[in-house]
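Participant: This is the structure I have questions about; it appears just below.
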Amino acid sequence: MTYDHIGVAPISPALGAEITGVDLGADLGNEVFSEIHRAFVAHSVIFFRGQTITPEQQIAFARRFGPLSEIPFITPWADHPEIVRVIKEADEGAKFNFGGSWHSDFSFLPRPPMASMLYAVELPPVGGDTLWASMYSAYERLSDGMRRLLDGLQVVHSGLGAYKRSEDLRSMKTVTDARAETEVLHPAVRTHPDSGRKALFIDPAYSRRFADMTEAESAPLLNWLHEQAVQPENCIRFRWTPGTLAIWDNRCLEHWALNDYAGHRREMHRITIAGERPYH
Ligand code: SIN
């Protein structure tokens, strides 16, 4: 795949690429944006280092990918309601951080966000990296028999497990309400509308059980699938630098924000972009 307007340096064969030659604070012409979008679809998560952008510029760039998603259970930034400030203060300890387990953002919504964008504002001197895993690879590495089995299954998703702990992280101002009880069914395997590839769509944070099965019946297979999904060759670990902007595809990835920087402050600005109802 060739690019005329941007540099694209893959991070691993399965996922991730660093993009160069782009100033996200400038007006991006359609040709440049269409190459960025092509790199996003090809690599699932792309990174732009060294960007100096305002919240308005981040919002404008996010809108190039599509309309923005609703934001359940988290109080957005009062100044810019499109943005969630993902903050952990230096005095918030080591117990909990936002996004600190494998998940696909808001997969419990009927239409989960297709993408999330994160802009690094303040970082600890070391630590606070984020991991991503390719759920395309997770699916493609399974046997034909296991793929056939999963192709016919649906999974019950709910935000209750993750968002009921709202008191654990003061700075995130999460608010759990009755909607957290809602259960939503999605196919265990979804087809990506742009790439046409199939991806496993389960995650330990929000996938409760297979439809028409109990949690106890579902757990052995869900846990085994997840262990396969996060094998090292399916994952990248990204070391942030201030001013890095990432955009990732929730339809074919899951991610984990590491919580290894107690005593230091970390602030990231997150925007979620609306998606479609997952289909097989
Ligand atoms: C998230 O789960 O969206 C947060 C990721 C991060 O803070 O690295």
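If you're wondering about the labels, chains in the structure tokens are A, B, ... by order shown, residues count from 1 in each chain, ligands from 1 in order shown.
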Could you produce a table of the residues of segment 31-99 of chain A lying within 12 Å of segment 111-125 of chain A, with the nearest pair of atoms per residue and their separation in Å rounded to one decimal, using only C-alpha atoms, ordered by chain and increasing residue number, as JSON lines?
Facilitator:
```
{"residue": "A:His37", "atom": "CA", "partner": "A:Ala115", "partner_atom": "CA", "distance": 11.7}
{"residue": "A:Phe40", "atom": "CA", "partner": "A:Ala115", "partner_atom": "CA", "distance": 9.9}
{"residue": "A:Val41", "atom": "CA", "partner": "A:Ala115", "partner_atom": "CA", "distance": 10.8}
{"residue": "A:Ser44", "atom": "CA", "partner": "A:Ala115", "partner_atom": "CA", "distance": 9.4}
{"residue": "A:Val45", "atom": "CA", "partner": "A:Ala115", "partner_atom": "CA", "distance": 9.2}
{"residue": "A:Ile46", "atom": "CA", "partner": "A:Met117", "partner_atom": "CA", "distance": 9.7}
{"residue": "A:Phe47", "atom": "CA", "partner": "A:Leu118", "partner_atom": "CA", "distance": 9.5}
{"residue": "A:Phe48", "atom": "CA", "partner": "A:Tyr119", "partner_atom": "CA", "distance": 9.4}
{"residue": "A:Arg49", "atom": "CA", "partner": "A:Ala120", "partner_atom": "CA", "distance": 9.5}
{"residue": "A:Gly50", "atom": "CA", "partner": "A:Ala120", "partner_atom": "CA", "distance": 9.8}
{"residue": "A:Gln51", "atom": "CA", "partner": "A:Tyr119", "partner_atom": "CA", "distance": 8.8}
{"residue": "A:Thr52", "atom": "CA", "partner": "A:Val121", "partner_atom": "CA", "distance": 9.5}
{"residue": "A:Ile53", "atom": "CA", "partner": "A:Tyr119", "partner_atom": "CA", "distance": 9.0}
{"residue": "A:Thr54", "atom": "CA", "partner": "A:Tyr119", "partner_atom": "CA", "distance": 10.2}
{"residue": "A:Pro55", "atom": "CA", "partner": "A:Tyr119", "partner_atom": "CA", "distance": 9.4}
{"residue": "A:Gln57", "atom": "CA", "partner": "A:Tyr119", "partner_atom": "CA", "distance": 11.2}
{"residue": "A:Gln58", "atom": "CA", "partner": "A:Tyr119", "partner_atom": "CA", "distance": 8.0}
{"residue": "A:Ile59", "atom": "CA", "partner": "A:Met117", "partner_atom": "CA", "distance": 9.5}
{"residue": "A:Ala60", "atom": "CA", "partner": "A:Met117", "partner_atom": "CA", "distance": 11.7}
{"residue": "A:Phe61", "atom": "CA", "partner": "A:Met117", "partner_atom": "CA", "distance": 9.5}
{"residue": "A:Ala62", "atom": "CA", "partner": "A:Met117", "partner_atom": "CA", "distance": 7.1}
{"residue": "A:Arg63", "atom": "CA", "partner": "A:Met117", "partner_atom": "CA", "distance": 10.7}
{"residue": "A:Arg64", "atom": "CA", "partner": "A:Ala115", "partner_atom": "CA", "distance": 11.8}
{"residue": "A:Phe65", "atom": "CA", "partner": "A:Ala115", "partner_atom": "CA", "distance": 8.5}
{"residue": "A:Gly66", "atom": "CA", "partner": "A:Met114", "partner_atom": "CA", "distance": 9.1}
{"residue": "A:Pro67", "atom": "CA", "partner": "A:Pro113", "partner_atom": "CA", "distance": 9.9}
{"residue": "A:Leu68", "atom": "CA", "partner": "A:Pro113", "partner_atom": "CA", "distance": 8.2}
{"residue": "A:Ser69", "atom": "CA", "partner": "A:Pro113", "partner_atom": "CA", "distance": 5.9}
{"residue": "A:Glu70", "atom": "CA", "partner": "A:Pro113", "partner_atom": "CA", "distance": 8.3}
{"residue": "A:Ile71", "atom": "CA", "partner": "A:Pro113", "partner_atom": "CA", "distance": 9.4}
{"residue": "A:Pro72", "atom": "CA", "partner": "A:Pro112", "partner_atom": "CA", "distance": 10.8}
{"residue": "A:Glu82", "atom": "CA", "partner": "A:Met117", "partner_atom": "CA", "distance": 11.3}
{"residue": "A:Ile83", "atom": "CA", "partner": "A:Leu118", "partner_atom": "CA", "distance": 9.5}
{"residue": "A:Val84", "atom": "CA", "partner": "A:Leu118", "partner_atom": "CA", "distance": 9.4}
{"residue": "A:Arg85", "atom": "CA", "partner": "A:Leu118", "partner_atom": "CA", "distance": 9.4}
{"residue": "A:Val86", "atom": "CA", "partner": "A:Leu118", "partner_atom": "CA", "distance": 8.9}
{"residue": "A:Ile87", "atom": "CA", "partner": "A:Glu122", "partner_atom": "CA", "distance": 9.1}
{"residue": "A:Lys88", "atom": "CA", "partner": "A:Leu123", "partner_atom": "CA", "distance": 10.0}
{"residue": "A:Glu89", "atom": "CA", "partner": "A:Pro124", "partner_atom": "CA", "distance": 10.3}
{"residue": "A:Ala90", "atom": "CA", "partner": "A:Pro124", "partner_atom": "CA", "distance": 9.1}
```
Participant: Could you list, as a list in words, all residues that come within 8 Å of ligand 1? Count only C-alpha atoms and all ligand atoms.
Facilitator: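 The neighbouring residues of ligand 1 are, in order, Val86, Phe98, Gly99, Gly100, His103, Ser104, Asp105, Ser116, Leu118, Gly128, Asp129, Thr130, Leu131, His255, Trp256, Ala257, Leu258, Met268 and Arg270 of chain A.
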Participant: Please produce a file of the residues just selected, as a compact mmCIF listing (two decimals), in the first residue's frame, where the atoms kept are N, CA, C and O atoms.
Facilitator:
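For reference, selection.txt as written:
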```txt
# COMPACT_ATOMS: atom_id res chain seq x y z
N VAL A 86 -9.49 12.25 30.51
CA VAL A 86 -9.09 11.03 31.23
C VAL A 86 -7.92 11.43 32.12
O VAL A 86 -6.79 11.60 31.67
N PHE A 98 -8.69 4.65 35.04
CA PHE A 98 -9.74 4.55 34.03
C PHE A 98 -9.20 3.77 32.83
O PHE A 98 -8.13 4.08 32.32
N GLY A 99 -9.95 2.75 32.42
CA GLY A 99 -9.52 1.97 31.26
C GLY A 99 -8.49 0.91 31.60
O GLY A 99 -7.83 0.39 30.69
N GLY A 100 -8.37 0.58 32.89
CA GLY A 100 -7.31 -0.32 33.33
C GLY A 100 -7.66 -1.81 33.27
O GLY A 100 -7.40 -2.54 34.23
N HIS A 103 -10.68 -3.87 27.17
CA HIS A 103 -12.05 -3.52 26.80
C HIS A 103 -12.09 -2.89 25.41
O HIS A 103 -11.07 -2.43 24.90
N SER A 104 -13.30 -2.87 24.85
CA SER A 104 -13.57 -2.11 23.63
C SER A 104 -14.56 -1.03 24.08
O SER A 104 -15.59 -1.34 24.68
N ASP A 105 -14.25 0.25 23.80
CA ASP A 105 -15.00 1.34 24.44
C ASP A 105 -16.51 1.21 24.26
O ASP A 105 -17.00 1.06 23.13
N SER A 116 -12.08 5.68 18.90
CA SER A 116 -11.78 6.58 20.01
C SER A 116 -10.48 7.30 19.68
O SER A 116 -9.57 6.72 19.06
N LEU A 118 -7.43 9.77 21.39
CA LEU A 118 -6.85 10.18 22.66
C LEU A 118 -5.66 11.10 22.38
O LEU A 118 -4.79 10.75 21.57
N GLY A 128 2.33 4.55 32.35
CA GLY A 128 1.11 5.09 31.74
C GLY A 128 0.99 4.75 30.26
O GLY A 128 0.28 5.43 29.52
N ASP A 129 1.68 3.67 29.82
CA ASP A 129 1.56 3.23 28.43
C ASP A 129 0.16 2.64 28.20
O ASP A 129 -0.55 2.31 29.16
N THR A 130 -0.21 2.48 26.95
CA THR A 130 -1.47 1.81 26.61
C THR A 130 -1.17 0.62 25.70
O THR A 130 -0.28 0.70 24.84
N LEU A 131 -1.91 -0.47 25.92
CA LEU A 131 -1.78 -1.68 25.10
C LEU A 131 -3.02 -1.80 24.21
O LEU A 131 -4.12 -1.49 24.66
N HIS A 255 -8.29 -2.54 24.18
CA HIS A 255 -7.13 -1.84 24.71
C HIS A 255 -7.16 -1.84 26.23
O HIS A 255 -8.17 -2.15 26.86
N TRP A 256 -5.99 -1.47 26.81
CA TRP A 256 -5.80 -1.49 28.27
C TRP A 256 -4.84 -0.35 28.62
O TRP A 256 -3.72 -0.31 28.11
N ALA A 257 -5.29 0.55 29.49
CA ALA A 257 -4.43 1.64 29.96
C ALA A 257 -3.68 1.15 31.21
O ALA A 257 -4.31 0.82 32.21
N LEU A 258 -2.36 1.11 31.15
CA LEU A 258 -1.59 0.58 32.29
C LEU A 258 -1.65 1.54 33.48
O LEU A 258 -1.66 2.76 33.32
N MET A 268 -5.25 12.87 29.58
CA MET A 268 -5.44 12.58 28.16
C MET A 268 -6.83 13.11 27.79
O MET A 268 -7.76 13.04 28.61
N ARG A 270 -10.07 12.52 25.48
CA ARG A 270 -10.64 11.45 24.67
C ARG A 270 -11.94 11.89 23.99
O ARG A 270 -12.81 12.49 24.61
```
Participant: Considering only C-alpha atoms, can you say which of A:Ile11, A:Leu24, A:Val126, A:Ala199 comes closest to Asp260 of chain A?
Facilitator: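 Among the listed residues, A:Val126 lies closest to Asp260 of chain A.
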Participant: Smallest atom-to-atom distance to Ile74 of chain A: which of A:Ser12, A:Ser107, A:Thr174, A:Asn234, using only C-alpha atoms?
Facilitator: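 Among A:Ser12, A:Ser107, A:Thr174, A:Asn234, it is A:Thr174 that comes nearest to Ile74 of chain A.
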Participant: List as a ChimeraX atom specification the protein and nucleic acid residues near Arg179 of chain A, meaning an atom at most 12 Å away when only C-alpha atoms are counted, but skip any in the same chain fewer than 3 places from it.
Facilitator: /A:72-73,108-110,158-160,163-164,175-176,182-184
Participant: Go ahead and save the picked residues with N, CA and C atoms, as a short mmCIF file (atom, residue, chain, number, x, y, z; two decimals), in the first residue's frame.
Facilitator:
```cif
data_model
loop_
_atom_site.label_atom_id
_atom_site.label_comp_id
_atom_site.auth_asym_id
_atom_site.auth_seq_id
_atom_site.Cartn_x
_atom_site.Cartn_y
_atom_site.Cartn_z
N PRO A 72 -21.81 7.66 27.78
CA PRO A 72 -22.56 7.24 28.98
C PRO A 72 -21.69 7.21 30.23
N PHE A 73 -22.26 7.53 31.36
CA PHE A 73 -21.68 7.32 32.71
C PHE A 73 -20.48 8.20 33.06
N PHE A 108 -21.10 -1.97 25.37
CA PHE A 108 -22.44 -2.28 25.89
C PHE A 108 -23.52 -1.37 25.30
N LEU A 109 -23.14 -0.41 24.45
CA LEU A 109 -24.16 0.42 23.79
C LEU A 109 -24.72 -0.35 22.58
N PRO A 110 -25.99 -0.09 22.22
CA PRO A 110 -26.53 -0.74 21.02
C PRO A 110 -25.68 -0.42 19.78
N SER A 158 -22.74 -5.58 29.02
CA SER A 158 -23.32 -4.64 29.99
C SER A 158 -22.20 -3.82 30.63
N GLY A 159 -22.52 -2.56 30.96
CA GLY A 159 -21.50 -1.68 31.56
C GLY A 159 -21.46 -1.77 33.08
N LEU A 160 -22.32 -2.62 33.63
CA LEU A 160 -22.49 -2.62 35.08
C LEU A 160 -21.20 -2.94 35.84
N TYR A 163 -18.71 0.16 35.52
CA TYR A 163 -19.08 1.50 35.96
C TYR A 163 -19.66 1.55 37.37
N LYS A 164 -19.91 0.38 37.98
CA LYS A 164 -20.43 0.43 39.35
C LYS A 164 -19.35 0.90 40.33
N VAL A 175 -20.69 8.58 36.70
CA VAL A 175 -22.02 8.56 37.32
C VAL A 175 -22.76 7.33 36.81
N THR A 176 -22.92 6.34 37.68
CA THR A 176 -23.64 5.14 37.26
C THR A 176 -25.13 5.38 37.49
N THR A 182 -28.77 -2.25 31.80
CA THR A 182 -29.21 -2.68 30.46
C THR A 182 -28.24 -3.68 29.86
N GLU A 183 -28.81 -4.73 29.27
CA GLU A 183 -27.98 -5.72 28.58
C GLU A 183 -28.23 -5.59 27.08
N VAL A 184 -27.16 -5.64 26.32
CA VAL A 184 -27.26 -5.49 24.86
C VAL A 184 -26.62 -6.71 24.21
#
```
Participant: Taking only C-alpha atoms into account, which of A:Arg170, A:Arg208, A:Arg141, A:Lys198 comes nearest Val155 of chain A?
Facilitator: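 For Val155 of chain A, the nearest of the candidates is A:Arg208.
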Participant: So which residues of segment 106-225 of chain A fall under strand (DSSP E) by DSSP, listed as a PyMOL selection string?
Facilitator: chain A and resi 115-122+130-134+154-157+184-187+189-191+198-200+207-210
Participant: Just write the chosen residues, N, CA and C atoms, as a PDB file, in the first residue's frame.
Facilitator:
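Below is the file that was written, result-v7.pdb:
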```pdb
ATOM      1  N   ALA A 115     -14.755   4.433  16.811  1.00  0.00           N
ATOM      2  CA  ALA A 115     -13.356   4.775  17.076  1.00  0.00           C
ATOM      3  C   ALA A 115     -13.270   5.654  18.313  1.00  0.00           C
ATOM      4  N   SER A 116     -12.081   5.676  18.897  1.00  0.00           N
ATOM      5  CA  SER A 116     -11.783   6.585  20.007  1.00  0.00           C
ATOM      6  C   SER A 116     -10.484   7.304  19.675  1.00  0.00           C
ATOM      7  N   MET A 117     -10.438   8.564  20.111  1.00  0.00           N
ATOM      8  CA  MET A 117      -9.254   9.390  19.837  1.00  0.00           C
ATOM      9  C   MET A 117      -8.733   9.907  21.171  1.00  0.00           C
ATOM     10  N   LEU A 118      -7.432   9.773  21.387  1.00  0.00           N
ATOM     11  CA  LEU A 118      -6.848  10.185  22.664  1.00  0.00           C
ATOM     12  C   LEU A 118      -5.662  11.100  22.384  1.00  0.00           C
ATOM     13  N   TYR A 119      -5.641  12.245  23.071  1.00  0.00           N
ATOM     14  CA  TYR A 119      -4.559  13.219  22.892  1.00  0.00           C
ATOM     15  C   TYR A 119      -3.831  13.347  24.216  1.00  0.00           C
ATOM     16  N   ALA A 120      -2.518  13.120  24.213  1.00  0.00           N
ATOM     17  CA  ALA A 120      -1.725  13.102  25.447  1.00  0.00           C
ATOM     18  C   ALA A 120      -1.349  14.523  25.855  1.00  0.00           C
ATOM     19  N   VAL A 121      -1.884  14.971  26.999  1.00  0.00           N
ATOM     20  CA  VAL A 121      -1.661  16.334  27.470  1.00  0.00           C
ATOM     21  C   VAL A 121      -0.570  16.368  28.540  1.00  0.00           C
ATOM     22  N   GLU A 122      -0.673  15.454  29.513  1.00  0.00           N
ATOM     23  CA  GLU A 122       0.342  15.403  30.588  1.00  0.00           C
ATOM     24  C   GLU A 122       0.601  13.941  30.909  1.00  0.00           C
ATOM     25  N   THR A 130      -0.210   2.477  26.946  1.00  0.00           N
ATOM     26  CA  THR A 130      -1.475   1.811  26.607  1.00  0.00           C
ATOM     27  C   THR A 130      -1.174   0.624  25.695  1.00  0.00           C
ATOM     28  N   LEU A 131      -1.911  -0.475  25.923  1.00  0.00           N
ATOM     29  CA  LEU A 131      -1.782  -1.680  25.099  1.00  0.00           C
ATOM     30  C   LEU A 131      -3.017  -1.804  24.209  1.00  0.00           C
ATOM     31  N   TRP A 132      -2.822  -2.284  22.996  1.00  0.00           N
ATOM     32  CA  TRP A 132      -3.941  -2.622  22.105  1.00  0.00           C
ATOM     33  C   TRP A 132      -3.762  -4.048  21.612  1.00  0.00           C
ATOM     34  N   ALA A 133      -4.875  -4.752  21.398  1.00  0.00           N
ATOM     35  CA  ALA A 133      -4.832  -6.118  20.846  1.00  0.00           C
ATOM     36  C   ALA A 133      -5.726  -6.181  19.615  1.00  0.00           C
ATOM     37  N   SER A 134      -5.259  -6.879  18.595  1.00  0.00           N
ATOM     38  CA  SER A 134      -6.029  -7.006  17.351  1.00  0.00           C
ATOM     39  C   SER A 134      -7.017  -8.150  17.467  1.00  0.00           C
ATOM     40  N   GLN A 154     -24.121 -15.151  19.935  1.00  0.00           N
ATOM     41  CA  GLN A 154     -24.272 -13.748  20.320  1.00  0.00           C
ATOM     42  C   GLN A 154     -23.798 -13.589  21.764  1.00  0.00           C
ATOM     43  N   VAL A 155     -23.367 -12.396  22.102  1.00  0.00           N
ATOM     44  CA  VAL A 155     -22.803 -12.145  23.438  1.00  0.00           C
ATOM     45  C   VAL A 155     -23.603 -11.027  24.110  1.00  0.00           C
ATOM     46  N   VAL A 156     -23.856 -11.205  25.394  1.00  0.00           N
ATOM     47  CA  VAL A 156     -24.562 -10.185  26.185  1.00  0.00           C
ATOM     48  C   VAL A 156     -23.514  -9.222  26.756  1.00  0.00           C
ATOM     49  N   HIS A 157     -23.660  -7.935  26.464  1.00  0.00           N
ATOM     50  CA  HIS A 157     -22.734  -6.909  26.981  1.00  0.00           C
ATOM     51  C   HIS A 157     -23.468  -6.030  27.997  1.00  0.00           C
ATOM     52  N   VAL A 184     -27.160  -5.644  26.317  1.00  0.00           N
ATOM     53  CA  VAL A 184     -27.255  -5.487  24.864  1.00  0.00           C
ATOM     54  C   VAL A 184     -26.622  -6.709  24.209  1.00  0.00           C
ATOM     55  N   LEU A 185     -27.263  -7.217  23.169  1.00  0.00           N
ATOM     56  CA  LEU A 185     -26.733  -8.388  22.451  1.00  0.00           C
ATOM     57  C   LEU A 185     -25.955  -7.950  21.219  1.00  0.00           C
ATOM     58  N   HIS A 186     -24.730  -8.498  21.081  1.00  0.00           N
ATOM     59  CA  HIS A 186     -23.957  -8.261  19.858  1.00  0.00           C
ATOM     60  C   HIS A 186     -23.425  -9.602  19.360  1.00  0.00           C
ATOM     61  N   PRO A 187     -23.172  -9.723  18.059  1.00  0.00           N
ATOM     62  CA  PRO A 187     -22.579 -10.977  17.567  1.00  0.00           C
ATOM     63  C   PRO A 187     -21.182 -11.189  18.152  1.00  0.00           C
ATOM     64  N   VAL A 189     -18.784 -12.412  16.671  1.00  0.00           N
ATOM     65  CA  VAL A 189     -17.844 -12.098  15.590  1.00  0.00           C
ATOM     66  C   VAL A 189     -18.513 -11.038  14.726  1.00  0.00           C
ATOM     67  N   ARG A 190     -17.813  -9.938  14.489  1.00  0.00           N
ATOM     68  CA  ARG A 190     -18.423  -8.876  13.677  1.00  0.00           C
ATOM     69  C   ARG A 190     -17.602  -8.645  12.416  1.00  0.00           C
ATOM     70  N   THR A 191     -18.284  -8.179  11.392  1.00  0.00           N
ATOM     71  CA  THR A 191     -17.608  -7.879  10.129  1.00  0.00           C
ATOM     72  C   THR A 191     -17.345  -6.383  10.068  1.00  0.00           C
ATOM     73  N   LYS A 198     -13.307 -10.150   9.453  1.00  0.00           N
ATOM     74  CA  LYS A 198     -14.073 -10.482  10.655  1.00  0.00           C
ATOM     75  C   LYS A 198     -13.194 -10.350  11.886  1.00  0.00           C
ATOM     76  N   ALA A 199     -13.796  -9.884  12.966  1.00  0.00           N
ATOM     77  CA  ALA A 199     -13.064  -9.693  14.227  1.00  0.00           C
ATOM     78  C   ALA A 199     -13.879 -10.290  15.373  1.00  0.00           C
ATOM     79  N   LEU A 200     -13.162 -10.870  16.325  1.00  0.00           N
ATOM     80  CA  LEU A 200     -13.811 -11.340  17.550  1.00  0.00           C
ATOM     81  C   LEU A 200     -14.304 -10.109  18.309  1.00  0.00           C
ATOM     82  N   SER A 207     -18.312  -8.044  28.330  1.00  0.00           N
ATOM     83  CA  SER A 207     -19.006  -9.249  27.835  1.00  0.00           C
ATOM     84  C   SER A 207     -19.357 -10.125  29.024  1.00  0.00           C
ATOM     85  N   ARG A 208     -20.632 -10.299  29.287  1.00  0.00           N
ATOM     86  CA  ARG A 208     -21.045 -11.039  30.488  1.00  0.00           C
ATOM     87  C   ARG A 208     -21.169 -12.533  30.213  1.00  0.00           C
ATOM     88  N   ARG A 209     -21.808 -12.897  29.083  1.00  0.00           N
ATOM     89  CA  ARG A 209     -22.071 -14.321  28.804  1.00  0.00           C
ATOM     90  C   ARG A 209     -22.532 -14.446  27.359  1.00  0.00           C
ATOM     91  N   PHE A 210     -22.577 -15.677  26.854  1.00  0.00           N
ATOM     92  CA  PHE A 210     -23.194 -15.910  25.548  1.00  0.00           C
ATOM     93  C   PHE A 210     -24.709 -15.860  25.720  1.00  0.00           C
TER      94      PHE A 210
END
```
